[in-house]
Number of protein chains: 2
Amino acid sequence: MDNRTKILSCALQLFSTRGYEAVGVREIAESAGLSKPTLYHYFGSKQGLFEDIVKNLLLKLHKDLRNAAIYDNDLPLTLTKIVIAFFNFAQENNSFYRMHLSMLFSPPESDSFKVVSKFQEMLFEVLIEMFTKAADNYGNMKGRHLAFATTLQGMINAYIRLYLNGSLELDDELVHKVVHQFQHGIYT
Amino acid sequence: MDNRTKILSCALQLFSTRGYEAVGVREIAESAGLSKPTLYHYFGSKQGLFEDIVKNLLLKLHKDLRNAAIYDNDLPLTLTKIVIAFFNFAQENNSFYRMHLSMLFSPPESDSFKVVSKFQEMLFEVLIEMFTKAADNYGNMKGRHLAFATTLQGMINAYIRLYLNGSLELDDELVHKVVHQFQHGIYT
DNA sequence: GACAAACTATACCGATCGGTATAGTATATG
DNA sequence: CATATACTATACCGATCGGTATAGTTTGTC
């Protein structure tokens, strides 16, 4: 593993578990067994390093979600794939996903928010597009894309939060329950 | 307004809009027109001041929610009241609520998280209790309290996030839509 | 071997961090 | 008037912050 990768890996670990502001550049360099100028050689600034990490991982999530959200005239199946995509990503990058969610609610002027909000919109766009196509099959869904995408993402993130706090497992049974409740509500 | 209140008010404003870590004690004191020792006289530490603010406001939210969640054998009505309670609080304390949500996803070892997670559990408990009582009327709801509370809160916070980003208004029509979708899903 | 580009370390920069030692001024109580 | 308590300010503490000036070392190219 070359030095650049070493820095990325150590920084991801530190930022994820302690937060952007709470981690110093000195600590990252130390943890990677290198000196600060080396870090600045590769990434230019603390924020540059941070953006590199965030963009990399969120682009991967976006790719996974795009693959999952290809609508093939089977809405329950597509919904299931979408939930699984989020759950898998959250499980493979649990502390990073926690940080991602935290940054979604960062102050609008903060660097963290600016970095992350663009990707949030991209993820949202994928869901919107899927529901738009689905509305061709289900006429009653017209005009409700935004509500559906919002609710679905809210549900998913609420469950992921419980998972991150150790309250439950993101297994297949939960996926099914989430999809079912999203589709049919609470009275069935 | 005495000096203690002045400090609380200025700190709330600064913490809410810029985040706990990004605001210095010196800046708070300056913004309140006082000196640091005065601040430390009243609150002991930066964290002490922060906890005072957070506890105060989250206790208010908890009280509002408890009043809203009194189950009177009319589930749609109770759900409506709950959503309104959250929406009202988020509107009256918008930047604070944003920070609250951000702290919900802070690193588990951070001070912010410890302060806020206790209140999150209290809010959650109120919802759980309400759904437990409702299950006396709707037998099919048994054993699904946790799922319902999670989904409801996830939905509410997802909409509040859009509101905080200026994408929509938290009006009565939205309340109705949220309650309806929570109850009946997407096919109606 | 000459030279440039990429890479790395020591040692430092000014600024700011949370917090405090010290001293002073009010205010209330005896 | 004396004394104690509550409150406030000046000036400072050591530590750490993000970032860099300087210099040295490797590596590939001609």
# chains A, B, ... in the order shown; residues from 1 in each chain; ligands from 1
>>> interface_residues(of="chain D", to="chain B", cutoff="9 Å", atoms="only C-alpha atoms (C1' of nucleotides)", output="ChimeraX atom specification")
/D:7-9
>>> closest_atom_pairs(of="chain B", to="chain C", cutoff="8 Å", atoms="only C-alpha atoms (C1' of nucleotides)", output="CSV")
residue,atom,partner,partner_atom,distance
B:Gly24,CA,C:DC17,C1',7.4
B:Val25,CA,C:DG18,C1',7.4
B:Lys46,CA,C:DG18,C1',7.7
>>> residues_around(residues="Lys60 (chain B)", least_positions_apart="5", cutoff="12 Å", atoms="only C-alpha atoms (C1' of nucleotides)", output="NGL selection string")
:B and (53-55 or 65-67 or 85-86 or 88-90 or 92-93 or 119 or 122-123)
>>> write_last_selection(atoms="C-alpha atoms", output="PDB file, in the first residue's frame")
ATOM      1  CA  ILE B  53     -29.045  24.428  26.132  1.00  0.00           C
ATOM      2  CA  VAL B  54     -29.716  21.036  24.598  1.00  0.00           C
ATOM      3  CA  LYS B  55     -31.461  19.606  27.637  1.00  0.00           C
ATOM      4  CA  LEU B  65     -44.736  15.164  22.153  1.00  0.00           C
ATOM      5  CA  ARG B  66     -46.108  13.568  25.314  1.00  0.00           C
ATOM      6  CA  ASN B  67     -49.112  15.828  25.149  1.00  0.00           C
ATOM      7  CA  ALA B  85     -45.847  18.505  17.403  1.00  0.00           C
ATOM      8  CA  PHE B  86     -42.637  17.652  15.567  1.00  0.00           C
ATOM      9  CA  ASN B  88     -44.095  22.918  15.122  1.00  0.00           C
ATOM     10  CA  PHE B  89     -40.989  22.334  17.165  1.00  0.00           C
ATOM     11  CA  ALA B  90     -38.841  22.140  14.052  1.00  0.00           C
ATOM     12  CA  GLU B  92     -39.881  27.237  16.045  1.00  0.00           C
ATOM     13  CA  ASN B  93     -36.328  25.986  16.538  1.00  0.00           C
ATOM     14  CA  PHE B 119     -33.452  12.323  24.827  1.00  0.00           C
ATOM     15  CA  MET B 122     -37.243   9.299  25.595  1.00  0.00           C
ATOM     16  CA  LEU B 123     -38.954  10.556  22.449  1.00  0.00           C
TER      17      LEU B 123
END
>>> interface_residues(of="chain B", to="chain A", cutoff="9 Å", atoms="only C-alpha atoms", output="PyMOL selection string")
chain B and resi 16-19+21-22+95+98-110+138+140-141+144+147-148+150-159+161-162+164-165+177-178+180-188
>>> atom_distance(atom1="CA of Val126 (chain A)", atom2="CA of Val175 (chain A)")
19.2 Å
>>> atom_distance(atom1="CA of Glu129 (chain B)", atom2="CA of Leu61 (chain B)")
16.5 Å
>>> closest_residue(among="B:Ala69, B:Phe113, B:Asn94, B:Leu57", to="Gly166 (chain B)", atoms="only C-alpha atoms")
B:Asn94
>>> select_by_dssp(residues="chain A", states="helix (DSSP H, G or I)", output="ChimeraX atom specification")
/A:3-18,25-31,36-43,46-68,75-92,94-104,111-134,139-141,145-164,172-184
